[in-house]
Amino acid sequence: MAKKNIIVLIFTIIFSASSKAQVQNNSNLYKTILAKDSLLFDVGFNTCDIKQFENLLSENLKFYHDKDGISDKVKFLIDLKNGICNNQANRQVKRFLVKETTEIFPLYKNGVLYAAVQNGEHMFTEKRETQAGIAKFTNVWQLENGEWKLAVSFSFDHQAYQNKTIEKSFFDNDTAIEKWLKENKIPTLGIGVIENGKLQQVKVFGEITKGVSAPYNTIFNVASLTKPVTALVALKLISSGKWNLDEPIYKYWTDPDIANDPRNKKLTTRLILSHQTGFPNWRFMNDNKKLNFQFEPGTKYQYSGEGMEYLRKTLEKKFHKSLEQLASELIFSPLKMTDTRYIWDKNVDTARLAIGYNKDRKAYETVKNKIPNAADDLVTTIEDYGNFLVSVMNSDGLSKKVFEEMTTKQVASTKGKHFGLGFEIYDLENNEYALSHGGSDNGVQTIVFILPKTKQGLLIFTNSDTGVSVYETLLKHYLGSNGQKIFDIETK
């Protein structure tokens, strides 16, 4: 961009911003820009995720710094890599947005929004606020092919932090979060926040190994959060007319343990996805280690991993593909879930794996499945699984009828809740509801919620037996009154 054009742009920004009212902090534009700010700094800068920066910066970026001069995108990224991110494992400098100083101004051309100005202050701190620096900034976010990109940035008035009162939310204070996790004996915490039907925030706290901060794209074993993925494989096949929700599945496969029991002919995908098979959770819990019916299929609820595995074997028999292949074709590849898989292979980046721990911080052995388990041990990241939940919320690849079946109460479960197809349903009153599923194994405590009516969602991944200790605080903070309702249902 020519120097003359840059000067014109700067004056356009100044006068355009002053001609439009500042947007309210509950507006969609305010939330969108704050979400981009979080991805750029909480993820990109604070964890040195250079790729995140590259994705959010315009190719025509101009960065003006009152100490370091002018940079374009190439120089900015080189300076970041060779400077503050040169020794990421030992770095202490992190950036905090002073949210109460934030102002967002929309920019329009012929009545169409094309950019937004973000004014505010931010801190750069080394462990303690007494060592912090504070500066003002102005960022210009521009819509490029429908995506918000940082086009121009001014960082100025840098000075030492001197007893200036800055009230930060607990969840914007990494130091407080790290202390909280240690108190709750949780090595790694991943949080994903869905707003307006999009994954707006991804935050990962704690350590991946002693002394090394957990990266933004930490890989977690999510235990039974595997089941909703398997459910969606089946529901997408049903939506495309390749599978039938209520067809008896004995036509394709029957487990030898129940081949002589006529009740096997009553099993359908609907009964499996709503946990009405009559199976135990796992056959190894039986004295003889064999699969059996503990009640008539379709008469009541009983959570069963065996049911999901039964579905896997049936689908694999019908389509002559492994569950991994089916999921890759229908879910993982379309959503670019590159860090998600049922099986353990050479593509799992062990340097980013959150190993599971007990309450005494002793590590469990890592599960490394060689064949898919439809009910357990999926490995994934907050970003991958968050994008999966967004696709579920927006019924991507699901027919209207199948989505309605998925979100319809199929059977009463526990504590006044019901199971739909693949998800448990919380009645939040006023015609609102939440779909949820959790995961619990040795060293794994995970849970997710999506609210299709309000287009909200929350993911919580932990790698510790004590992970449930943080659920209440996170639910209430991120989901507000609905989070309180969910907590009340679970504790009544």
# chains A, B, ... in the order shown; residues from 1 in each chain; ligands from 1

call {"tool": "closest_atom_pairs", "arguments": {"of": "range 265-372 of chain A", "to": "range 410-426 of chain A", "cutoff": "7 Å", "atoms": "only C-alpha atoms", "output": "JSON lines"}}
result
{"residue": "A:Arg270", "atom": "CA", "partner": "A:Leu421", "partner_atom": "CA", "distance": 6.9}
{"residue": "A:Leu273", "atom": "CA", "partner": "A:Leu421", "partner_atom": "CA", "distance": 4.8}
{"residue": "A:Ser274", "atom": "CA", "partner": "A:Leu421", "partner_atom": "CA", "distance": 5.1}
{"residue": "A:Lys300", "atom": "CA", "partner": "A:Val411", "partner_atom": "CA", "distance": 6.9}
{"residue": "A:Tyr301", "atom": "CA", "partner": "A:Ser413", "partner_atom": "CA", "distance": 5.9}

call {"tool": "write_last_selection", "arguments": {"atoms": "N, CA and C atoms", "output": "PDB file, in the first residue's frame"}}
result
ATOM      1  N   ARG A 270     -32.153 -45.792  16.971  1.00  0.00           N
ATOM      2  CA  ARG A 270     -32.819 -44.894  17.919  1.00  0.00           C
ATOM      3  C   ARG A 270     -32.609 -45.358  19.354  1.00  0.00           C
ATOM      4  N   LEU A 273     -28.855 -44.771  20.417  1.00  0.00           N
ATOM      5  CA  LEU A 273     -28.456 -43.376  20.640  1.00  0.00           C
ATOM      6  C   LEU A 273     -29.177 -42.731  21.819  1.00  0.00           C
ATOM      7  N   SER A 274     -30.270 -43.327  22.262  1.00  0.00           N
ATOM      8  CA  SER A 274     -30.970 -42.812  23.448  1.00  0.00           C
ATOM      9  C   SER A 274     -30.749 -43.704  24.669  1.00  0.00           C
ATOM     10  N   LYS A 300     -36.775 -48.564  29.075  1.00  0.00           N
ATOM     11  CA  LYS A 300     -36.255 -47.567  30.001  1.00  0.00           C
ATOM     12  C   LYS A 300     -34.825 -47.185  29.620  1.00  0.00           C
ATOM     13  N   TYR A 301     -34.276 -46.250  30.384  1.00  0.00           N
ATOM     14  CA  TYR A 301     -32.935 -45.722  30.116  1.00  0.00           C
ATOM     15  C   TYR A 301     -31.874 -46.454  30.932  1.00  0.00           C
TER      16      TYR A 301
END

call {"tool": "select_by_dssp", "arguments": {"residues": "range 123-363 of chain A", "states": "alpha helix (DSSP H)", "output": "ChimeraX atom specification"}}
result
/A:174-183,226-239,269-273,305-319,323-327

call {"tool": "write_last_selection", "arguments": {"atoms": "C-alpha atoms", "output": "short mmCIF file (atom, residue, chain, number, x, y, z; two decimals), in the first residue's frame"}}
result
data_model
loop_
_atom_site.label_atom_id
_atom_site.label_comp_id
_atom_site.auth_asym_id
_atom_site.auth_seq_id
_atom_site.Cartn_x
_atom_site.Cartn_y
_atom_site.Cartn_z
CA ASP A 174 -4.02 -15.78 33.76
CA THR A 175 -2.09 -15.60 37.02
CA ALA A 176 -5.27 -16.02 39.08
CA ILE A 177 -6.43 -18.89 36.86
CA GLU A 178 -3.11 -20.71 37.21
CA LYS A 179 -3.33 -20.42 41.00
CA TRP A 180 -6.93 -21.64 40.93
CA LEU A 181 -5.95 -24.70 38.90
CA LYS A 182 -3.17 -25.59 41.32
CA GLU A 183 -5.60 -25.32 44.23
CA THR A 226 -16.61 -39.68 21.80
CA LYS A 227 -20.27 -40.77 21.80
CA PRO A 228 -21.79 -37.59 20.30
CA VAL A 229 -19.33 -37.83 17.39
CA THR A 230 -20.36 -41.44 16.73
CA ALA A 231 -24.00 -40.39 17.04
CA LEU A 232 -23.53 -37.69 14.41
CA VAL A 233 -21.94 -40.18 12.02
CA ALA A 234 -25.14 -42.22 12.20
CA LEU A 235 -27.45 -39.19 12.07
CA LYS A 236 -25.69 -37.80 8.99
CA LEU A 237 -26.04 -41.17 7.27
CA ILE A 238 -29.73 -41.17 8.18
CA SER A 239 -30.15 -37.62 6.85
CA THR A 269 -30.22 -46.97 16.05
CA ARG A 270 -32.82 -44.89 17.92
CA LEU A 271 -32.65 -47.16 20.96
CA ILE A 272 -28.84 -47.17 20.90
CA LEU A 273 -28.46 -43.38 20.64
CA GLY A 305 -20.99 -47.83 25.98
CA GLU A 306 -21.71 -51.32 24.66
CA GLY A 307 -24.63 -49.93 22.70
CA MET A 308 -22.37 -47.46 20.87
CA GLU A 309 -19.86 -50.20 20.10
CA TYR A 310 -22.72 -52.36 18.79
CA LEU A 311 -23.63 -49.52 16.43
CA ARG A 312 -20.01 -49.18 15.31
CA LYS A 313 -19.74 -52.82 14.34
CA THR A 314 -23.05 -52.65 12.51
CA LEU A 315 -22.12 -49.54 10.52
CA GLU A 316 -18.71 -50.97 9.66
CA LYS A 317 -20.35 -54.19 8.43
CA LYS A 318 -22.88 -52.28 6.33
CA PHE A 319 -20.54 -49.71 4.75
CA LEU A 323 -15.70 -45.83 12.03
CA GLU A 324 -12.53 -43.73 11.69
CA GLN A 325 -13.04 -43.61 7.90
CA LEU A 326 -16.75 -42.80 8.17
CA ALA A 327 -16.14 -40.04 10.70
#

call {"tool": "closest_atom_pairs", "arguments": {"of": "range 244-355 of chain A", "to": "range 449-464 of chain A", "cutoff": "12 Å", "atoms": "only C-alpha atoms", "output": "JSON lines"}}
result
{"residue": "A:Leu353", "atom": "CA", "partner": "A:Asn463", "partner_atom": "CA", "distance": 9.9}
{"residue": "A:Ala354", "atom": "CA", "partner": "A:Asn463", "partner_atom": "CA", "distance": 6.3}
{"residue": "A:Ile355", "atom": "CA", "partner": "A:Asn463", "partner_atom": "CA", "distance": 6.5}

call {"tool": "residues_around", "arguments": {"residues": "Glu472 in chain A", "least_positions_apart": "2", "cutoff": "10 Å", "atoms": "only C-alpha atoms", "output": "MDAnalysis selection string"}}
result
chainID A and resid 468:470 474:477 483:484 486:488

call {"tool": "residues_around", "arguments": {"residues": "range 365-369 of chain A", "least_positions_apart": "2", "cutoff": "12 Å", "atoms": "only C-alpha atoms", "output": "PDB file with N, CA and C atoms, in the first residue's frame"}}
result
ATOM      1  N   PHE A 220      -6.478 -33.327  24.002  1.00  0.00           N
ATOM      2  CA  PHE A 220      -7.066 -33.983  25.178  1.00  0.00           C
ATOM      3  C   PHE A 220      -7.697 -35.317  24.771  1.00  0.00           C
ATOM      4  N   ASN A 221      -7.598 -36.310  25.649  1.00  0.00           N
ATOM      5  CA  ASN A 221      -8.496 -37.457  25.580  1.00  0.00           C
ATOM      6  C   ASN A 221      -9.799 -36.988  26.232  1.00  0.00           C
ATOM      7  N   VAL A 222     -10.929 -37.137  25.513  1.00  0.00           N
ATOM      8  CA  VAL A 222     -12.187 -36.574  26.034  1.00  0.00           C
ATOM      9  C   VAL A 222     -13.176 -37.648  26.481  1.00  0.00           C
ATOM     10  N   ALA A 223     -12.690 -38.889  26.615  1.00  0.00           N
ATOM     11  CA  ALA A 223     -13.507 -39.984  27.161  1.00  0.00           C
ATOM     12  C   ALA A 223     -14.840 -40.101  26.406  1.00  0.00           C
ATOM     13  N   GLU A 324     -13.486 -44.827  11.931  1.00  0.00           N
ATOM     14  CA  GLU A 324     -12.534 -43.730  11.685  1.00  0.00           C
ATOM     15  C   GLU A 324     -12.715 -43.176  10.269  1.00  0.00           C
ATOM     16  N   ARG A 341      -9.197 -37.822  16.302  1.00  0.00           N
ATOM     17  CA  ARG A 341      -9.209 -39.188  15.777  1.00  0.00           C
ATOM     18  C   ARG A 341      -9.617 -40.174  16.882  1.00  0.00           C
ATOM     19  N   TYR A 342     -10.171 -41.300  16.440  1.00  0.00           N
ATOM     20  CA  TYR A 342     -10.532 -42.395  17.348  1.00  0.00           C
ATOM     21  C   TYR A 342      -9.325 -43.254  17.699  1.00  0.00           C
ATOM     22  N   ILE A 343      -8.398 -43.363  16.755  1.00  0.00           N
ATOM     23  CA  ILE A 343      -7.286 -44.287  16.945  1.00  0.00           C
ATOM     24  C   ILE A 343      -5.982 -43.539  17.185  1.00  0.00           C
ATOM     25  N   TRP A 344      -5.063 -44.241  17.814  1.00  0.00           N
ATOM     26  CA  TRP A 344      -3.751 -43.666  18.094  1.00  0.00           C
ATOM     27  C   TRP A 344      -2.816 -44.049  16.947  1.00  0.00           C
ATOM     28  N   ASP A 345      -2.276 -43.033  16.273  1.00  0.00           N
ATOM     29  CA  ASP A 345      -1.346 -43.310  15.192  1.00  0.00           C
ATOM     30  C   ASP A 345      -0.211 -42.298  15.216  1.00  0.00           C
ATOM     31  N   LYS A 346       0.636 -42.337  14.203  1.00  0.00           N
ATOM     32  CA  LYS A 346       1.816 -41.474  14.149  1.00  0.00           C
ATOM     33  C   LYS A 346       1.459 -39.993  14.021  1.00  0.00           C
ATOM     34  N   VAL A 348      -0.650 -38.353  15.887  1.00  0.00           N
ATOM     35  CA  VAL A 348      -0.920 -37.727  17.183  1.00  0.00           C
ATOM     36  C   VAL A 348       0.351 -37.007  17.648  1.00  0.00           C
ATOM     37  N   THR A 350       2.370 -35.938  20.242  1.00  0.00           N
ATOM     38  CA  THR A 350       2.490 -36.203  21.673  1.00  0.00           C
ATOM     39  C   THR A 350       3.046 -35.007  22.446  1.00  0.00           C
ATOM     40  N   LEU A 353       0.032 -33.339  23.885  1.00  0.00           N
ATOM     41  CA  LEU A 353      -0.946 -34.194  24.555  1.00  0.00           C
ATOM     42  C   LEU A 353      -1.019 -33.900  26.047  1.00  0.00           C
ATOM     43  N   ALA A 354      -2.238 -33.695  26.545  1.00  0.00           N
ATOM     44  CA  ALA A 354      -2.454 -33.512  27.981  1.00  0.00           C
ATOM     45  C   ALA A 354      -2.593 -34.881  28.634  1.00  0.00           C
ATOM     46  N   ILE A 355      -1.553 -35.335  29.281  1.00  0.00           N
ATOM     47  CA  ILE A 355      -1.563 -36.634  29.963  1.00  0.00           C
ATOM     48  C   ILE A 355      -2.505 -36.569  31.161  1.00  0.00           C
ATOM     49  N   GLY A 356      -3.232 -37.652  31.420  1.00  0.00           N
ATOM     50  CA  GLY A 356      -4.165 -37.672  32.535  1.00  0.00           C
ATOM     51  C   GLY A 356      -3.487 -37.924  33.870  1.00  0.00           C
ATOM     52  N   TYR A 357      -4.008 -37.261  34.930  1.00  0.00           N
ATOM     53  CA  TYR A 357      -3.418 -37.384  36.271  1.00  0.00           C
ATOM     54  C   TYR A 357      -4.497 -37.677  37.310  1.00  0.00           C
ATOM     55  N   ASN A 358      -4.078 -38.312  38.411  1.00  0.00           N
ATOM     56  CA  ASN A 358      -4.986 -38.479  39.539  1.00  0.00           C
ATOM     57  C   ASN A 358      -4.859 -37.275  40.475  1.00  0.00           C
ATOM     58  N   LYS A 362      -0.226 -37.933  39.952  1.00  0.00           N
ATOM     59  CA  LYS A 362       0.469 -39.080  39.399  1.00  0.00           C
ATOM     60  C   LYS A 362      -0.176 -39.420  38.051  1.00  0.00           C
ATOM     61  N   ALA A 363       0.649 -39.615  37.041  1.00  0.00           N
ATOM     62  CA  ALA A 363       0.150 -39.808  35.686  1.00  0.00           C
ATOM     63  C   ALA A 363      -0.421 -41.205  35.474  1.00  0.00           C
ATOM     64  N   ILE A 371      -7.888 -49.754  17.244  1.00  0.00           N
ATOM     65  CA  ILE A 371      -9.143 -49.774  16.491  1.00  0.00           C
ATOM     66  C   ILE A 371     -10.078 -48.783  17.161  1.00  0.00           C
ATOM     67  N   PRO A 372     -11.012 -48.194  16.414  1.00  0.00           N
ATOM     68  CA  PRO A 372     -11.896 -47.189  17.001  1.00  0.00           C
ATOM     69  C   PRO A 372     -12.755 -47.761  18.123  1.00  0.00           C
ATOM     70  N   ASN A 373     -12.960 -46.965  19.147  1.00  0.00           N
ATOM     71  CA  ASN A 373     -13.939 -47.259  20.183  1.00  0.00           C
ATOM     72  C   ASN A 373     -15.028 -46.203  20.031  1.00  0.00           C
ATOM     73  N   ALA A 374     -16.224 -46.608  19.698  1.00  0.00           N
ATOM     74  CA  ALA A 374     -17.309 -45.675  19.402  1.00  0.00           C
ATOM     75  C   ALA A 374     -17.785 -44.899  20.615  1.00  0.00           C
ATOM     76  N   ASP A 376     -15.575 -44.156  23.542  1.00  0.00           N
ATOM     77  CA  ASP A 376     -14.565 -43.691  24.485  1.00  0.00           C
ATOM     78  C   ASP A 376     -13.244 -43.374  23.784  1.00  0.00           C
ATOM     79  N   ASP A 377     -12.448 -42.526  24.429  1.00  0.00           N
ATOM     80  CA  ASP A 377     -11.037 -42.293  24.099  1.00  0.00           C
ATOM     81  C   ASP A 377     -10.768 -41.512  22.814  1.00  0.00           C
ATOM     82  N   LEU A 378     -11.723 -40.753  22.324  1.00  0.00           N
ATOM     83  CA  LEU A 378     -11.444 -39.831  21.225  1.00  0.00           C
ATOM     84  C   LEU A 378     -10.385 -38.835  21.687  1.00  0.00           C
ATOM     85  N   VAL A 379      -9.420 -38.502  20.819  1.00  0.00           N
ATOM     86  CA  VAL A 379      -8.480 -37.428  21.121  1.00  0.00           C
ATOM     87  C   VAL A 379      -8.812 -36.250  20.213  1.00  0.00           C
ATOM     88  N   ASP A 441     -13.090 -40.535  32.732  1.00  0.00           N
ATOM     89  CA  ASP A 441     -12.213 -41.704  32.784  1.00  0.00           C
ATOM     90  C   ASP A 441     -11.077 -41.389  33.742  1.00  0.00           C
ATOM     91  N   ASN A 442     -10.167 -42.309  33.913  1.00  0.00           N
ATOM     92  CA  ASN A 442      -8.982 -42.016  34.717  1.00  0.00           C
ATOM     93  C   ASN A 442      -8.227 -40.832  34.102  1.00  0.00           C
ATOM     94  N   GLY A 443      -8.113 -39.748  34.878  1.00  0.00           N
ATOM     95  CA  GLY A 443      -7.391 -38.581  34.405  1.00  0.00           C
ATOM     96  C   GLY A 443      -8.119 -37.765  33.362  1.00  0.00           C
ATOM     97  N   VAL A 444      -9.417 -37.963  33.234  1.00  0.00           N
ATOM     98  CA  VAL A 444     -10.216 -37.210  32.259  1.00  0.00           C
ATOM     99  C   VAL A 444     -11.533 -36.785  32.901  1.00  0.00           C
ATOM    100  N   ASN A 463      -7.620 -32.607  32.480  1.00  0.00           N
ATOM    101  CA  ASN A 463      -6.860 -33.863  32.457  1.00  0.00           C
ATOM    102  C   ASN A 463      -6.559 -34.334  33.871  1.00  0.00           C
TER     103      ASN A 463
END

call {"tool": "closest_residue", "arguments": {"among": "A:Phe293, A:Tyr433, A:Tyr364, A:Phe388", "to": "Leu330 in chain A", "atoms": "only C-alpha atoms"}}
result
A:Phe388

call {"tool": "atom_distance", "arguments": {"atom1": "CA of Phe279 in chain A", "atom2": "CA of Ser322 in chain A"}}
result
22.9 Å

call {"tool": "atom_distance", "arguments": {"atom1": "CA of Gly438 in chain A", "atom2": "CA of Lys198 in chain A"}}
result
20.7 Å

call {"tool": "decode", "arguments": {"residues": "range 335-348 of chain A", "atoms": "N, CA, C and O atoms", "output": "mmCIF file, in the first residue's frame"}}
result
data_model
loop_
_atom_site.group_PDB
_atom_site.id
_atom_site.type_symbol
_atom_site.label_atom_id
_atom_site.label_comp_id
_atom_site.auth_asym_id
_atom_site.auth_seq_id
_atom_site.Cartn_x
_atom_site.Cartn_y
_atom_site.Cartn_z
ATOM 1 N N LEU A 335 -14.934 -30.444 8.487
ATOM 2 C CA LEU A 335 -14.764 -29.419 9.515
ATOM 3 C C LEU A 335 -13.296 -29.111 9.797
ATOM 4 O O LEU A 335 -12.993 -28.323 10.694
ATOM 5 N N LYS A 336 -12.402 -29.748 9.049
ATOM 6 C CA LYS A 336 -10.953 -29.546 9.211
ATOM 7 C C LYS A 336 -10.497 -29.829 10.644
ATOM 8 O O LYS A 336 -9.691 -29.103 11.222
ATOM 9 N N MET A 337 -11.032 -30.920 11.194
ATOM 10 C CA MET A 337 -10.668 -31.352 12.543
ATOM 11 C C MET A 337 -9.404 -32.214 12.458
ATOM 12 O O MET A 337 -9.429 -33.425 12.675
ATOM 13 N N THR A 338 -8.302 -31.576 12.169
ATOM 14 C CA THR A 338 -7.063 -32.298 11.873
ATOM 15 C C THR A 338 -6.425 -32.947 13.093
ATOM 16 O O THR A 338 -5.553 -33.808 12.950
ATOM 17 N N ASP A 339 -6.833 -32.532 14.298
ATOM 18 C CA ASP A 339 -6.250 -33.103 15.520
ATOM 19 C C ASP A 339 -7.199 -34.075 16.205
ATOM 20 O O ASP A 339 -7.019 -34.388 17.383
ATOM 21 N N THR A 340 -8.210 -34.560 15.476
ATOM 22 C CA THR A 340 -9.230 -35.416 16.083
ATOM 23 C C THR A 340 -9.211 -36.797 15.446
ATOM 24 O O THR A 340 -9.209 -36.930 14.229
ATOM 25 N N ARG A 341 -9.197 -37.822 16.302
ATOM 26 C CA ARG A 341 -9.209 -39.188 15.777
ATOM 27 C C ARG A 341 -9.617 -40.174 16.882
ATOM 28 O O ARG A 341 -9.430 -39.913 18.072
ATOM 29 N N TYR A 342 -10.171 -41.300 16.440
ATOM 30 C CA TYR A 342 -10.532 -42.395 17.348
ATOM 31 C C TYR A 342 -9.325 -43.254 17.699
ATOM 32 O O TYR A 342 -9.281 -43.847 18.770
ATOM 33 N N ILE A 343 -8.398 -43.363 16.755
ATOM 34 C CA ILE A 343 -7.286 -44.287 16.945
ATOM 35 C C ILE A 343 -5.982 -43.539 17.185
ATOM 36 O O ILE A 343 -5.825 -42.384 16.808
ATOM 37 N N TRP A 344 -5.063 -44.241 17.814
ATOM 38 C CA TRP A 344 -3.751 -43.666 18.094
ATOM 39 C C TRP A 344 -2.816 -44.049 16.947
ATOM 40 O O TRP A 344 -2.605 -45.216 16.659
ATOM 41 N N ASP A 345 -2.276 -43.033 16.273
ATOM 42 C CA ASP A 345 -1.346 -43.310 15.192
ATOM 43 C C ASP A 345 -0.211 -42.298 15.216
ATOM 44 O O ASP A 345 -0.113 -41.471 16.126
ATOM 45 N N LYS A 346 0.636 -42.337 14.203
ATOM 46 C CA LYS A 346 1.816 -41.474 14.149
ATOM 47 C C LYS A 346 1.459 -39.993 14.021
ATOM 48 O O LYS A 346 2.304 -39.126 14.240
ATOM 49 N N ASN A 347 0.210 -39.696 13.658
ATOM 50 C CA ASN A 347 -0.200 -38.298 13.485
ATOM 51 C C ASN A 347 -0.566 -37.604 14.793
ATOM 52 O O ASN A 347 -0.805 -36.391 14.802
ATOM 53 N N VAL A 348 -0.650 -38.353 15.887
ATOM 54 C CA VAL A 348 -0.920 -37.727 17.183
ATOM 55 C C VAL A 348 0.351 -37.007 17.648
ATOM 56 O O VAL A 348 1.394 -37.634 17.827
#
